[in-house]
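Have a look at my_file.cif below; it lists mmCIF, C-alpha atoms.
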```cif
data_data
#
loop_
_atom_site.label_atom_id
_atom_site.label_comp_id
_atom_site.auth_asym_id
_atom_site.auth_seq_id
_atom_site.Cartn_x
_atom_site.Cartn_y
_atom_site.Cartn_z
CA MET A 1 -21.58 5.07 -10.00
CA THR A 2 -21.61 8.40 -11.70
CA THR A 3 -18.44 9.96 -13.02
CA ALA A 4 -18.30 12.34 -10.06
CA GLU A 5 -18.68 9.43 -7.62
CA THR A 6 -15.97 7.49 -9.41
CA ALA A 7 -13.53 10.40 -9.18
CA THR A 8 -14.22 10.68 -5.46
CA ASP A 9 -14.66 7.06 -4.41
CA VAL A 10 -12.33 5.01 -6.63
CA PHE A 11 -8.60 5.57 -7.07
CA HIS A 12 -6.32 4.29 -9.83
CA HIS A 13 -2.60 4.73 -10.42
CA ASN A 14 -3.45 4.19 -14.11
CA VAL A 15 -0.95 1.37 -14.50
CA PRO A 16 -1.50 -1.50 -16.96
CA ALA A 17 -2.10 -4.11 -14.24
CA GLU A 18 -5.31 -2.36 -13.19
CA SER A 19 -6.98 -2.97 -16.53
CA ASP A 20 -5.15 -6.25 -17.23
CA PHE A 21 -6.21 -7.81 -13.92
CA GLY A 22 -9.40 -5.77 -13.49
CA TYR A 23 -9.11 -4.03 -10.13
CA SER A 24 -9.03 -0.64 -8.42
CA GLN A 25 -6.22 0.55 -6.20
CA ALA A 26 -8.67 1.90 -3.63
CA ILE A 27 -12.38 2.23 -3.04
CA ARG A 28 -14.11 4.40 -0.45
CA SER A 29 -17.00 2.68 1.30
CA GLY A 30 -18.63 5.08 3.74
CA ASP A 31 -15.92 6.28 6.12
CA LEU A 32 -13.53 3.48 5.17
CA ILE A 33 -11.07 3.33 2.29
CA HIS A 34 -10.02 -0.19 1.25
CA VAL A 35 -6.65 -0.17 -0.50
CA SER A 36 -5.27 -2.95 -2.72
CA GLY A 37 -1.75 -4.19 -2.23
CA GLN A 38 0.68 -1.37 -2.93
CA LEU A 39 4.20 -2.01 -4.11
CA SER A 40 7.30 -0.35 -5.46
CA PHE A 41 6.33 0.59 -8.99
CA SER A 42 6.97 3.37 -11.48
CA GLU A 43 4.40 5.66 -13.09
CA ALA A 44 4.33 3.13 -15.96
CA GLY A 45 3.54 0.25 -13.58
CA GLU A 46 6.97 -1.39 -13.72
CA LEU A 47 8.60 -2.77 -10.57
CA LEU A 48 11.30 -0.49 -9.19
CA HIS A 49 14.32 -1.75 -7.23
CA ALA A 50 13.98 -5.44 -8.13
CA GLY A 51 15.91 -7.51 -5.60
CA ASP A 52 16.45 -4.60 -3.14
CA PHE A 53 14.09 -5.04 -0.19
CA ALA A 54 14.89 -1.78 1.62
CA ALA A 55 14.48 0.34 -1.52
CA GLN A 56 11.22 -1.44 -2.42
CA LEU A 57 9.81 -0.88 1.06
CA LYS A 58 10.68 2.82 0.95
CA GLN A 59 9.08 3.23 -2.49
CA THR A 60 6.01 1.23 -1.39
CA TYR A 61 5.43 3.80 1.36
CA VAL A 62 5.67 6.56 -1.28
CA THR A 63 3.04 4.71 -3.31
CA MET A 64 0.82 4.34 -0.23
CA ASP A 65 1.12 8.08 0.42
CA LYS A 66 -0.15 8.79 -3.11
CA VAL A 67 -3.34 6.90 -2.29
CA LEU A 68 -3.70 8.68 1.06
CA ASP A 69 -3.10 12.08 -0.57
CA HIS A 70 -5.82 11.39 -3.13
CA TYR A 71 -8.35 10.97 -0.33
CA GLY A 72 -6.97 13.74 1.89
CA ALA A 73 -6.08 11.11 4.49
CA THR A 74 -2.94 10.50 6.52
CA ARG A 75 -1.08 7.44 7.71
CA ASN A 76 -2.49 8.11 11.20
CA GLN A 77 -5.88 7.11 9.79
CA ILE A 78 -4.68 3.68 8.66
CA VAL A 79 -6.39 1.22 11.01
CA SER A 80 -5.28 -2.08 9.51
CA GLN A 81 -2.56 -3.32 7.20
CA THR A 82 -1.44 -6.61 5.72
CA LEU A 83 2.15 -6.97 4.60
CA TYR A 84 3.19 -9.73 2.20
CA VAL A 85 6.94 -10.32 2.46
CA VAL A 86 9.10 -12.67 0.41
CA ASP A 87 11.81 -14.28 2.55
CA LEU A 88 10.29 -12.94 5.76
CA LEU A 89 12.99 -14.27 8.08
CA ARG A 90 15.72 -12.45 6.17
CA ASN A 91 13.63 -9.28 5.78
CA ALA A 92 11.98 -9.17 9.22
CA THR A 93 14.27 -6.55 10.75
CA ALA A 94 14.01 -4.23 7.74
CA THR A 95 10.23 -4.72 7.74
CA THR A 96 9.98 -3.80 11.42
CA GLU A 97 12.25 -0.78 11.09
CA GLY A 98 10.44 0.44 7.98
CA ASN A 99 7.03 0.03 9.60
CA ARG A 100 8.02 1.93 12.74
CA GLY A 101 9.65 4.64 10.65
CA TYR A 102 6.58 5.06 8.47
CA PHE A 103 4.03 5.13 11.29
CA GLY A 104 6.00 6.72 14.10
CA GLU A 105 3.89 6.47 17.27
CA HIS A 106 0.76 5.36 15.40
CA ARG A 107 0.03 1.63 15.70
CA PRO A 108 -2.47 0.16 13.22
CA VAL A 109 -3.32 -3.52 13.52
CA SER A 110 -0.98 -5.49 11.31
CA THR A 111 -0.66 -8.91 9.81
CA VAL A 112 2.67 -9.86 8.26
CA LEU A 113 2.69 -12.88 6.00
CA GLY A 114 5.73 -14.62 4.62
CA VAL A 115 5.07 -15.62 1.02
CA SER A 116 7.10 -17.55 -1.53
CA GLU A 117 6.64 -15.02 -4.34
CA LEU A 118 4.72 -11.95 -5.47
CA THR A 119 3.58 -10.72 -8.88
CA PHE A 120 6.83 -9.38 -10.32
CA PRO A 121 10.19 -11.19 -10.45
CA GLY A 122 12.36 -9.61 -7.75
CA GLN A 123 9.37 -8.16 -5.86
CA PHE A 124 9.76 -8.62 -2.09
CA ILE A 125 6.99 -6.54 -0.49
CA GLU A 126 3.33 -5.65 -0.98
CA ILE A 127 1.11 -3.82 1.53
CA SER A 128 -2.69 -3.55 1.57
CA PHE A 129 -4.45 -1.39 4.13
CA ILE A 130 -7.71 0.12 5.39
CA VAL A 131 -8.17 3.79 6.26
CA ASP A 132 -10.84 5.17 8.59
CA THR A 133 -11.50 8.77 7.56
CA LYS A 134 -13.40 9.46 10.81
CA LEU A 135 -10.16 9.26 12.80
CA PRO A 136 -8.19 12.47 13.38
CA ALA A 137 -5.63 13.11 10.66
#
```

Please express what this file holds, its structure, as structure tokens.
Amino acid sequence: MTTAETATDVFHHNVPAESDFGYSQAIRSGDLIHVSGQLSFSEAGELLHAGDFAAQLKQTYVTMDKVLDHYGATRNQIVSQTLYVVDLLRNATATTEGNRGYFGEHRPVSTVLGVSELTFPGQFIEISFIVDTKLPA
């Protein structure tokens, strides 16, 4: 890829984990944007709100919106999402309420997985998603 293509097609939050682990936050492939798992982190890449599911979920949506904004996309163009939730039974209601609040009437396909742990101690939620830029914003 050229530098211009990289600026357009690949997105980074510029947090240490991207270079440490070797991944991109998002990559455009044709009309689709594939987005890595987003979570509640600071500009420095540190987990925010450790141990507080509701606050992490809210901040994760803020992080997702940063990716969407970069591509000029909206949440109405998200066609698929996968949510990874620690202690899913305890956090199911908050997950459902947060999802409906974030998407409103829009209904992407969703898979919700209960997991035993995520990358950071105290991390409860991570969301990956796919955006179709051909859909109306």

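Distances from A:Val67, A:Thr119, A:Ser110, A:Ala92 to A:Phe21 were compared using only C-alpha atoms, and the smallest one belongs to A:Thr119.
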
Shell of 9 Å around stretch 73-85 of chain A, all atoms listed in the file, local chain residues under 2 positions omitted, as a ChimeraX atom specification: /A:37,64-65,67-71,87-88,91-92,95,102-103,105-118,123-137

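The coordinates place atom CA of A:Ala94 at 25.0 Å from atom CA of A:Glu43.
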
Test item: the PyMOL selection byres ((chain A and resi 27) around 12) resolved as a VMD selection string: chain A and resid 1 5 to 12 23 to 26 28 to 36 67 to 68 70 to 71 129 to 131

message: Which residue is closest to A:Ser40? Choose from A:Lys58, A:His13, A:Asp20, A:Thr96 and count only C-alpha atoms.
response: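 Selected residue with least distance to A:Ser40: A:Lys58.
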
task: Could you tell me which of A:Leu89, A:Val15, A:Gly72, A:Lys66 comes closest to A:Leu47 if we count only C-alpha atoms?
output: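 Closest to A:Leu47 of all the choices is A:Val15.
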
field: Picked residues, the PyMOL selection byres ((chain A and resi 50) around 9), expected as a list in words
entry: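 Checked against the file, the PyMOL selection byres ((chain A and resi 50) around 9) matches Ser40, Leu47, Leu48, His49, Gly51, Asp52, Phe53, Ala55, Gln56, Phe120, Pro121, Gly122, Gln123 and Phe124 of chain A.
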
field: Among listed residues A:Ala17, A:Val62, A:Ala44, A:Ala54, nearest A:Thr93 (using all atoms listed in the file)
entry: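 Under the stated criterion, the closest residue is A:Ala54.
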
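Picture a line from atom CA of A:Glu18 to atom CA of A:Leu57; it runs 20.8 Å.
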
Padded axis-aligned box of stretch 86-93 of chain A (3 Å per side), centre and edge lengths, Å, one decimal, as AutoDock Vina command-line options:
```
--center_x 12.4 --center_y -10.4 --center_z 5.6 --size_x 12.6 --size_y 13.7 --size_z 16.3
```

message: What's the separation between atom CA of A:Asn99 and atom CA of A:Phe41, in Å to one decimal place?
response: 18.6 Å

Repaired coordinates for stretch 19-30 of chain A (all heavy atoms) as a compact mmCIF listing (two decimals), in the coordinates of the input:
```txt
# COMPACT_ATOMS: atom_id res chain seq x y z
N SER A 19 -6.06 -2.52 -15.48
CA SER A 19 -6.98 -2.97 -16.53
C SER A 19 -6.73 -4.42 -16.90
O SER A 19 -7.68 -5.17 -17.16
CB SER A 19 -6.89 -2.07 -17.76
OG SER A 19 -5.59 -2.09 -18.29
N ASP A 20 -5.47 -4.86 -16.89
CA ASP A 20 -5.15 -6.25 -17.23
C ASP A 20 -5.79 -7.22 -16.24
O ASP A 20 -6.38 -8.23 -16.63
CB ASP A 20 -3.64 -6.48 -17.23
CG ASP A 20 -2.93 -5.74 -18.36
OD1 ASP A 20 -3.61 -5.22 -19.27
OD2 ASP A 20 -1.69 -5.68 -18.31
N PHE A 21 -5.69 -6.92 -14.96
CA PHE A 21 -6.21 -7.81 -13.92
C PHE A 21 -7.65 -7.46 -13.56
O PHE A 21 -8.39 -8.31 -13.09
CB PHE A 21 -5.31 -7.75 -12.68
CG PHE A 21 -5.63 -8.79 -11.65
CD1 PHE A 21 -5.36 -10.13 -11.89
CD2 PHE A 21 -6.20 -8.44 -10.44
CE1 PHE A 21 -5.65 -11.10 -10.94
CE2 PHE A 21 -6.49 -9.39 -9.49
CZ PHE A 21 -6.21 -10.72 -9.74
N GLY A 22 -8.03 -6.20 -13.76
CA GLY A 22 -9.40 -5.77 -13.49
C GLY A 22 -9.65 -5.41 -12.04
O GLY A 22 -10.47 -6.03 -11.37
N TYR A 23 -8.92 -4.43 -11.52
CA TYR A 23 -9.11 -4.03 -10.13
C TYR A 23 -8.87 -2.53 -9.97
O TYR A 23 -8.34 -1.87 -10.85
CB TYR A 23 -8.17 -4.81 -9.20
CG TYR A 23 -6.72 -4.40 -9.27
CD1 TYR A 23 -6.18 -3.56 -8.30
CD2 TYR A 23 -5.89 -4.83 -10.29
CE1 TYR A 23 -4.85 -3.18 -8.36
CE2 TYR A 23 -4.57 -4.47 -10.36
CZ TYR A 23 -4.05 -3.63 -9.38
OH TYR A 23 -2.74 -3.25 -9.44
N SER A 24 -9.28 -2.02 -8.81
CA SER A 24 -9.03 -0.64 -8.42
C SER A 24 -7.97 -0.64 -7.34
O SER A 24 -7.88 -1.58 -6.55
CB SER A 24 -10.29 0.02 -7.86
OG SER A 24 -11.30 0.05 -8.84
N GLN A 25 -7.21 0.43 -7.27
CA GLN A 25 -6.22 0.55 -6.20
C GLN A 25 -6.89 0.80 -4.86
O GLN A 25 -6.43 0.31 -3.83
CB GLN A 25 -5.23 1.68 -6.50
CG GLN A 25 -4.37 1.44 -7.71
CD GLN A 25 -3.38 0.31 -7.52
OE1 GLN A 25 -3.01 -0.05 -6.41
NE2 GLN A 25 -2.93 -0.26 -8.62
N ALA A 26 -7.98 1.58 -4.88
CA ALA A 26 -8.67 1.90 -3.63
C ALA A 26 -10.12 2.23 -3.92
O ALA A 26 -10.44 2.79 -4.97
CB ALA A 26 -8.00 3.07 -2.93
N ILE A 27 -10.97 1.91 -2.95
CA ILE A 27 -12.38 2.23 -3.04
C ILE A 27 -12.84 2.73 -1.67
O ILE A 27 -12.59 2.06 -0.65
CB ILE A 27 -13.23 1.01 -3.45
CG1 ILE A 27 -12.87 0.56 -4.86
CG2 ILE A 27 -14.72 1.33 -3.34
CD1 ILE A 27 -13.60 -0.68 -5.33
N ARG A 28 -13.51 3.88 -1.68
CA ARG A 28 -14.11 4.40 -0.45
C ARG A 28 -15.47 3.74 -0.27
O ARG A 28 -16.27 3.67 -1.20
CB ARG A 28 -14.28 5.91 -0.53
CG ARG A 28 -14.88 6.49 0.76
CD ARG A 28 -15.27 7.94 0.59
NE ARG A 28 -14.14 8.80 0.34
CZ ARG A 28 -13.49 9.50 1.28
NH1 ARG A 28 -13.87 9.42 2.54
NH2 ARG A 28 -12.49 10.28 0.94
N SER A 29 -15.72 3.27 0.94
CA SER A 29 -17.00 2.68 1.30
C SER A 29 -17.42 3.32 2.62
O SER A 29 -16.92 2.93 3.68
CB SER A 29 -16.85 1.16 1.45
OG SER A 29 -18.06 0.59 1.89
N GLY A 30 -18.27 4.32 2.54
CA GLY A 30 -18.63 5.08 3.74
C GLY A 30 -17.41 5.82 4.25
O GLY A 30 -16.76 6.55 3.50
```
